[in-house]
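Remarks on the structure that follows.
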Amino acid sequence: MGKVQTKAAACVRGIGRFFGDFKSAVQHGDLFVKLSLLWMGAGYFRRKQYVKSALMTVLEILVIVYSLAFGMQYVPKFGTLGTVKREATFNIMTMKNEFNNYDNSFMILLFSVVTFVIWGAFLAIYISNVKRAYELQKMAERGEHINTFLEDVDTYRNKNFYKTLLALPVAGVVLFTVVPLLILVLVAFTNYDQQHMPPGELFTWTGLTNFINLFGGGGLTITFGYSFVRVLSWTLVWALFATFTTYIGGILLSLLINHKRVKGKKMWRTLFMVTIAVPQFVSLLLVRNFFANGGIVNTICANIGLTEFLRNAGLISTSYIPFLSSPGWAHVMIILINIWVGVPYQMLIATGALMNLPTDQIESARIDGASPTQVFRHITMPYLLTITGPALVTDFVKNINNFNVIYLLTQDVYTTTNQALANSQAKEVDLLVTWLFRLTQEYYNYKMAAVIGIVVFAVCAAFTLVAFNRMTKNREEGYQ
């Protein structure tokens, strides 16, 4: 945690310097630097950088025009998310329904967030522009050479080429990641659901009500609060078992196939690779049908008498084995099926790491009398953990959000009999991400889905930060 705090403090100091340099530029800048506060191209115009001056001027005009002509249609309504509902009036002359000038809460939220992001980006450019104008002033006072526009362009192809490469990805992250995340967070503080669906209805701000309901307070304690604890618990149990069973299984399978006494190594790798080559969508649906209540596996179990034996033993109460339709059975089967799906992939990763295994250390250990188990425990496994540690963390986070395995195996097969779970549209086999999906796609409960989305992000971010910080610390201690 000390390293995280150090980085946070450095970030705060960097922000302080950014605004401190702006203050210094405004205080000590000449007339054209101060004029840049109104006309962004003034500082460049004074230093005969006319193209840059024109570009900054055009940018300023575009932002002002956007704000007045479009952004200000939505931002003033952001506090209420609209007050005018849609009403239809039948026009006898045209024989059509005509609608009033109504508000759309989602459009208000969306375009307000987009406008805030544009204003935030423009503010950063605005402050940097004033600082740059002041830097040009000081360069002129010292008699230093000031680049022309073409010389500046050339630096972005050479010295500052990394900025050119990063420009498009950063814009993409802002547009396709930051904006949706901001909207997700804001929706969690509204009552956006099926009863408040734009454009027919408006939704409004509700504060922390949704969070209180999810974490066990308010009037929905018996539904969302109850369901959240159980779904979160299963999500973490699933992620733990799904990650480590496939990880350990992949390593053991790789060691077995690569053993010097095993024949036909290529054939075995090819056979296990089939589960990766076949799309999960196909293989999981087939497996679901195999283990369905009336599937081929249940038919075989009934024919050999296994179903009758389990019923007599009191382990089941049905005429079939509820592999994917009963709590407990479904949890175990999902983990077992995931082992079949995930082990071959981990085998490939482990095989690549084992090719670089330090053979000299292994030979030295064997000469000293170490058993194969001791070699695996003290040399092979620590080496693999060092190499594949980041991938292990990534797999854990991926399994928290492993939508395919859970949804494809249980959709249309599993039906909960727990009324408290059913009231919140959850099932015993749901992960947070499948619960979120069902809330949005089937029940249009966007407000609670947004809260769950924030929880998923928080769990994944916290685990990733702690795990990577711990791994980095261990590596640094290893080098000391």
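How things are named: the first chain in the structure tokens is A, the next is B, and so on; residues count from 1 in each chain; ligands count from 1 in the order shown.
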Using only C-alpha atoms, which residues sit within 10 Å of Lys23 (chain A) once same-chain residues fewer than 5 positions away are excluded, as a PDB file with C-alpha atoms, in the first residue's frame?
```pdb
ATOM      1  CA  ARG A  17       2.380  21.989 -10.469  1.00  0.00           C
ATOM      2  CA  PHE A  18       0.062  22.049 -13.497  1.00  0.00           C
ATOM      3  CA  HIS A  28       3.977  37.213 -15.070  1.00  0.00           C
ATOM      4  CA  GLY A  29       2.931  36.891 -18.712  1.00  0.00           C
ATOM      5  CA  ILE A 127      -4.611  25.986 -19.444  1.00  0.00           C
ATOM      6  CA  VAL A 130      -1.692  29.787 -21.700  1.00  0.00           C
ATOM      7  CA  LYS A 131       1.326  28.042 -20.191  1.00  0.00           C
TER       8      LYS A 131
END
```
Secondary structure check, helix (DSSP H, G or I) residues of region 227-304 of chain A, as a PyMOL selection string: chain A and resi 227-257+265-277+280-290+296-303
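Using only C-alpha atoms, the protein and nucleic acid residues lying no more than 7 Å from region 229-236 of chain A, apart from those fewer than 5 places from it along its own chain, are A:Ile400, A:Glu428, A:Asp430, A:Leu431, A:Leu432.
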Mind dumping the selected residues with N, CA and C atoms as an mmCIF file, in the first residue's frame?
```
data_model
loop_
_atom_site.group_PDB
_atom_site.id
_atom_site.type_symbol
_atom_site.label_atom_id
_atom_site.label_comp_id
_atom_site.auth_asym_id
_atom_site.auth_seq_id
_atom_site.Cartn_x
_atom_site.Cartn_y
_atom_site.Cartn_z
ATOM 1 N N ILE A 400 -14.276 -13.619 -12.704
ATOM 2 C CA ILE A 400 -15.320 -12.842 -12.039
ATOM 3 C C ILE A 400 -16.349 -12.375 -13.064
ATOM 4 N N GLU A 428 -29.418 -18.748 -8.071
ATOM 5 C CA GLU A 428 -28.298 -19.243 -7.261
ATOM 6 C C GLU A 428 -27.017 -19.386 -8.067
ATOM 7 N N ASP A 430 -26.093 -17.458 -10.607
ATOM 8 C CA ASP A 430 -25.692 -16.206 -11.246
ATOM 9 C C ASP A 430 -24.386 -15.678 -10.679
ATOM 10 N N LEU A 431 -23.538 -15.147 -11.559
ATOM 11 C CA LEU A 431 -22.458 -14.265 -11.150
ATOM 12 C C LEU A 431 -23.000 -12.838 -11.164
ATOM 13 N N LEU A 432 -22.232 -11.912 -10.613
ATOM 14 C CA LEU A 432 -22.670 -10.513 -10.643
ATOM 15 C C LEU A 432 -22.905 -10.044 -12.071
#
```
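Using only C-alpha atoms for every distance, the candidate list A:Thr270, A:Thr410, A:Asn97, A:Thr373 yields A:Thr410 as the residue closest to Ile334 (chain A).
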Find the residues near region 54-60 of chain A: any atom within 8 Å, counting only C-alpha atoms, skip ones fewer than 5 places away on the same chain, and give them as an mmCIF file with N, CA, C and O atoms, in the first residue's frame.
```cif
data_model
loop_
_atom_site.group_PDB
_atom_site.id
_atom_site.type_symbol
_atom_site.label_atom_id
_atom_site.label_comp_id
_atom_site.auth_asym_id
_atom_site.auth_seq_id
_atom_site.Cartn_x
_atom_site.Cartn_y
_atom_site.Cartn_z
ATOM 1 N N TRP A 39 -8.557 35.117 -26.127
ATOM 2 C CA TRP A 39 -8.325 34.655 -27.501
ATOM 3 C C TRP A 39 -7.170 33.658 -27.449
ATOM 4 O O TRP A 39 -6.021 34.055 -27.253
ATOM 5 N N MET A 40 -7.465 32.384 -27.605
ATOM 6 C CA MET A 40 -6.463 31.350 -27.389
ATOM 7 C C MET A 40 -5.298 31.430 -28.366
ATOM 8 O O MET A 40 -4.219 30.903 -28.090
ATOM 9 N N GLY A 41 -5.492 32.043 -29.495
ATOM 10 C CA GLY A 41 -4.412 32.122 -30.482
ATOM 11 C C GLY A 41 -3.514 33.323 -30.319
ATOM 12 O O GLY A 41 -2.566 33.501 -31.095
#
```
Write out as a tab-separated table a residue-level contact list of region 405-477 of chain A versus region 182-186 of chain A with cut-off 10 Å: for each qualifying residue the closest pair of atoms and the distance in Å to one decimal, counting only C-alpha atoms, rows sorted by chain and residue number upward.
```
residue	atom	partner	partner_atom	distance
A:Tyr446	CA	A:Leu184	CA	9.0
A:Lys447	CA	A:Leu184	CA	8.8
A:Ala449	CA	A:Leu184	CA	8.8
A:Ala450	CA	A:Leu184	CA	5.4
A:Val451	CA	A:Val185	CA	7.4
A:Ile452	CA	A:Leu184	CA	10.0
A:Gly453	CA	A:Leu184	CA	7.6
A:Ile454	CA	A:Val185	CA	6.8
```
Can you measure CA of Gly250 (chain A) to CA of Val343 (chain A) for me? One decimal in Å is fine. 4.7 Å
Looking at A:Ala292, A:Pro180, A:Ser53, A:Asn191, which one is nearest to Asn445 (chain A), with distances taken over only C-alpha atoms? A:Asn191
Ala25 (chain A) proximity check over A:Gly79, A:Lys138, A:Phe99, A:Thr380, using only C-alpha atoms: winner is A:Lys138
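Counting only C-alpha atoms, the residue from A:Leu38, A:Leu252, A:Gln49, A:Gly200 that sits nearest to Ala88 (chain A) is A:Gly200.
Atom to atom, CA of Trp238 (chain A) and CA of Gly328 (chain A) stand 12.2 Å apart.
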Quick one: residues within 12 Å of region 101-116 of chain A, only C-alpha atoms counted, chain neighbours fewer than 4 positions away excluded, as a compact mmCIF listing (two decimals) with N, CA and C atoms, in the first residue's frame?
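Final file, selection_22.txt:
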```txt
# COMPACT_ATOMS: atom_id res chain seq x y z
N VAL A 63 -15.81 25.01 -29.82
CA VAL A 63 -16.31 24.67 -28.48
C VAL A 63 -17.41 25.64 -28.06
N ILE A 64 -17.22 26.93 -28.36
CA ILE A 64 -18.24 27.92 -27.99
C ILE A 64 -19.54 27.67 -28.77
N TYR A 66 -20.52 24.81 -30.16
CA TYR A 66 -21.13 23.56 -29.66
C TYR A 66 -21.86 23.81 -28.35
N SER A 67 -21.23 24.54 -27.44
CA SER A 67 -21.83 24.77 -26.13
C SER A 67 -23.13 25.54 -26.24
N LEU A 68 -23.14 26.60 -27.06
CA LEU A 68 -24.34 27.44 -27.16
C LEU A 68 -25.44 26.78 -27.98
N ALA A 69 -25.05 26.11 -29.07
CA ALA A 69 -26.05 25.56 -29.98
C ALA A 69 -26.55 24.18 -29.58
N PHE A 70 -25.75 23.43 -28.80
CA PHE A 70 -26.14 22.05 -28.49
C PHE A 70 -26.03 21.73 -26.99
N GLY A 71 -24.87 21.93 -26.42
CA GLY A 71 -24.64 21.52 -25.04
C GLY A 71 -25.58 22.18 -24.06
N MET A 72 -25.85 23.47 -24.24
CA MET A 72 -26.70 24.20 -23.29
C MET A 72 -28.17 23.83 -23.42
N GLN A 73 -28.53 23.01 -24.40
CA GLN A 73 -29.88 22.47 -24.45
C GLN A 73 -30.11 21.41 -23.37
N TYR A 74 -29.01 20.77 -22.92
CA TYR A 74 -29.12 19.65 -22.01
C TYR A 74 -28.54 19.94 -20.63
N VAL A 75 -27.42 20.65 -20.56
CA VAL A 75 -26.75 20.87 -19.27
C VAL A 75 -27.64 21.56 -18.25
N PRO A 76 -28.42 22.60 -18.59
CA PRO A 76 -29.29 23.22 -17.57
C PRO A 76 -30.33 22.27 -16.99
N LYS A 77 -30.67 21.21 -17.74
CA LYS A 77 -31.67 20.24 -17.26
C LYS A 77 -31.03 19.07 -16.52
N PHE A 78 -29.71 19.09 -16.38
CA PHE A 78 -29.00 17.97 -15.77
C PHE A 78 -29.42 17.77 -14.31
N GLY A 79 -29.72 18.85 -13.62
CA GLY A 79 -30.08 18.75 -12.22
C GLY A 79 -31.40 18.05 -11.97
N THR A 80 -32.32 18.11 -12.93
CA THR A 80 -33.63 17.47 -12.77
C THR A 80 -33.83 16.29 -13.71
N LEU A 81 -32.99 16.19 -14.75
CA LEU A 81 -33.12 15.17 -15.80
C LEU A 81 -34.46 15.28 -16.53
N GLY A 82 -34.97 16.51 -16.59
CA GLY A 82 -36.19 16.77 -17.35
C GLY A 82 -37.42 16.88 -16.47
N THR A 83 -38.34 17.72 -16.91
CA THR A 83 -39.59 17.93 -16.16
C THR A 83 -40.83 17.80 -17.04
N VAL A 84 -40.66 17.82 -18.35
CA VAL A 84 -41.80 17.79 -19.27
C VAL A 84 -41.97 16.39 -19.83
N LYS A 85 -43.10 15.76 -19.50
CA LYS A 85 -43.37 14.41 -20.01
C LYS A 85 -43.92 14.47 -21.44
N ARG A 86 -43.79 13.35 -22.13
CA ARG A 86 -44.31 13.28 -23.49
C ARG A 86 -45.83 13.14 -23.46
N GLU A 87 -46.49 13.97 -24.27
CA GLU A 87 -47.94 13.93 -24.41
C GLU A 87 -48.30 13.95 -25.88
N ALA A 88 -49.27 13.15 -26.24
CA ALA A 88 -49.69 13.05 -27.64
C ALA A 88 -51.05 13.71 -27.83
N THR A 89 -51.16 14.44 -28.93
CA THR A 89 -52.41 15.09 -29.30
C THR A 89 -52.77 14.66 -30.72
N GLY A 120 -14.14 19.54 -20.01
CA GLY A 120 -12.96 19.17 -19.24
C GLY A 120 -11.72 19.09 -20.11
N ALA A 121 -11.85 18.46 -21.30
CA ALA A 121 -10.72 18.37 -22.22
C ALA A 121 -10.31 19.77 -22.70
N PHE A 122 -11.31 20.60 -22.99
CA PHE A 122 -11.02 21.95 -23.46
C PHE A 122 -10.33 22.77 -22.37
N LEU A 123 -10.74 22.58 -21.11
CA LEU A 123 -10.10 23.30 -20.00
C LEU A 123 -8.63 22.94 -19.90
N VAL A 174 -11.27 7.67 -23.92
CA VAL A 174 -12.20 8.68 -23.40
C VAL A 174 -13.60 8.46 -23.96
N LEU A 175 -13.69 8.21 -25.27
CA LEU A 175 -14.98 8.10 -25.93
C LEU A 175 -15.69 6.80 -25.60
N PHE A 176 -14.96 5.69 -25.60
CA PHE A 176 -15.61 4.38 -25.46
C PHE A 176 -15.47 3.75 -24.08
N VAL A 178 -14.36 6.02 -20.80
CA VAL A 178 -14.62 7.02 -19.76
C VAL A 178 -16.07 7.47 -19.79
N VAL A 179 -16.57 7.84 -20.98
CA VAL A 179 -17.96 8.33 -21.07
C VAL A 179 -18.96 7.26 -20.64
N PRO A 180 -18.88 6.00 -21.16
CA PRO A 180 -19.82 4.98 -20.67
C PRO A 180 -19.71 4.72 -19.17
N LEU A 181 -18.49 4.76 -18.62
CA LEU A 181 -18.33 4.55 -17.18
C LEU A 181 -19.00 5.66 -16.39
N LEU A 182 -18.83 6.89 -16.84
CA LEU A 182 -19.47 8.01 -16.15
C LEU A 182 -20.99 7.88 -16.19
N ILE A 183 -21.53 7.48 -17.34
CA ILE A 183 -22.97 7.30 -17.45
C ILE A 183 -23.43 6.16 -16.54
N LEU A 184 -22.66 5.05 -16.51
CA LEU A 184 -22.98 3.93 -15.62
C LEU A 184 -23.05 4.38 -14.17
N VAL A 185 -22.05 5.15 -13.74
CA VAL A 185 -22.01 5.62 -12.36
C VAL A 185 -23.21 6.52 -12.06
N LEU A 186 -23.52 7.42 -12.98
CA LEU A 186 -24.62 8.37 -12.74
C LEU A 186 -25.98 7.67 -12.74
N VAL A 187 -26.17 6.67 -13.61
CA VAL A 187 -27.44 5.94 -13.64
C VAL A 187 -27.70 5.25 -12.31
N PHE A 189 -27.45 6.41 -9.52
CA PHE A 189 -28.05 7.37 -8.58
C PHE A 189 -29.42 7.85 -9.06
N THR A 190 -30.03 7.12 -9.99
CA THR A 190 -31.34 7.48 -10.51
C THR A 190 -32.34 6.34 -10.28
N ASN A 191 -33.58 6.55 -10.72
CA ASN A 191 -34.60 5.49 -10.67
C ASN A 191 -34.93 4.99 -12.07
N TYR A 192 -33.90 4.86 -12.91
CA TYR A 192 -34.07 4.43 -14.30
C TYR A 192 -34.40 2.94 -14.35
N ASP A 193 -35.65 2.61 -14.59
CA ASP A 193 -36.07 1.22 -14.71
C ASP A 193 -37.26 1.13 -15.66
N HIS A 196 -39.82 3.80 -15.44
CA HIS A 196 -39.35 5.16 -15.76
C HIS A 196 -38.50 5.08 -17.03
N MET A 197 -39.12 4.67 -18.11
CA MET A 197 -38.41 4.40 -19.36
C MET A 197 -38.63 5.53 -20.36
N PRO A 198 -37.57 6.29 -20.68
CA PRO A 198 -37.70 7.32 -21.72
C PRO A 198 -37.98 6.66 -23.07
N PRO A 199 -38.65 7.36 -23.99
CA PRO A 199 -39.13 8.74 -23.85
C PRO A 199 -40.52 8.85 -23.24
N GLY A 200 -41.18 7.70 -22.98
CA GLY A 200 -42.52 7.77 -22.45
C GLY A 200 -42.60 8.33 -21.04
N GLU A 201 -41.58 8.02 -20.21
CA GLU A 201 -41.53 8.48 -18.83
C GLU A 201 -40.17 9.11 -18.56
N LEU A 202 -40.10 9.88 -17.48
CA LEU A 202 -38.86 10.51 -17.05
C LEU A 202 -38.29 9.75 -15.87
N PHE A 203 -36.98 9.75 -15.72
CA PHE A 203 -36.39 9.26 -14.47
C PHE A 203 -35.65 10.41 -13.81
N THR A 204 -35.45 10.30 -12.50
CA THR A 204 -34.89 11.39 -11.71
C THR A 204 -33.78 10.88 -10.80
N TRP A 205 -33.11 11.82 -10.15
CA TRP A 205 -32.07 11.47 -9.18
C TRP A 205 -32.70 10.93 -7.90
N TYR A 446 -32.27 -0.75 -15.05
CA TYR A 446 -30.95 -0.19 -15.30
C TYR A 446 -30.32 0.39 -14.03
```
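The gap separating CA of Ile61 (chain A) from CA of Ala42 (chain A) is 13.8 Å, in Å to one decimal.
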Among region 95-307 of chain A, which ones does DSSP place in strand (DSSP E or B), written as a PyMOL selection string? chain A and resi 96-99+190+205
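Shortest atom-to-atom contact with Gly249 (chain A) among A:Asn147, A:Gln346, A:Gln27, A:Asn356: A:Gln346, counting only C-alpha atoms.
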Neighbouring residues of Gln425 (chain A) were defined as those with any atom within 7 Å, considering only C-alpha atoms; residues of the same chain fewer than 3 positions away were excluded. Please report them as a PyMOL selection string. chain A and resi 421-422+439
Selection above as a file: C-alpha atoms, as a PDB file, in the first residue's frame:
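Generated output (part_20.pdb):
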```
ATOM      1  CA  LEU A 421     -33.917 -14.385  -5.313  1.00  0.00           C
ATOM      2  CA  ALA A 422     -36.678 -14.452  -7.924  1.00  0.00           C
ATOM      3  CA  LEU A 439     -31.512  -7.030 -15.057  1.00  0.00           C
TER       4      LEU A 439
END
```
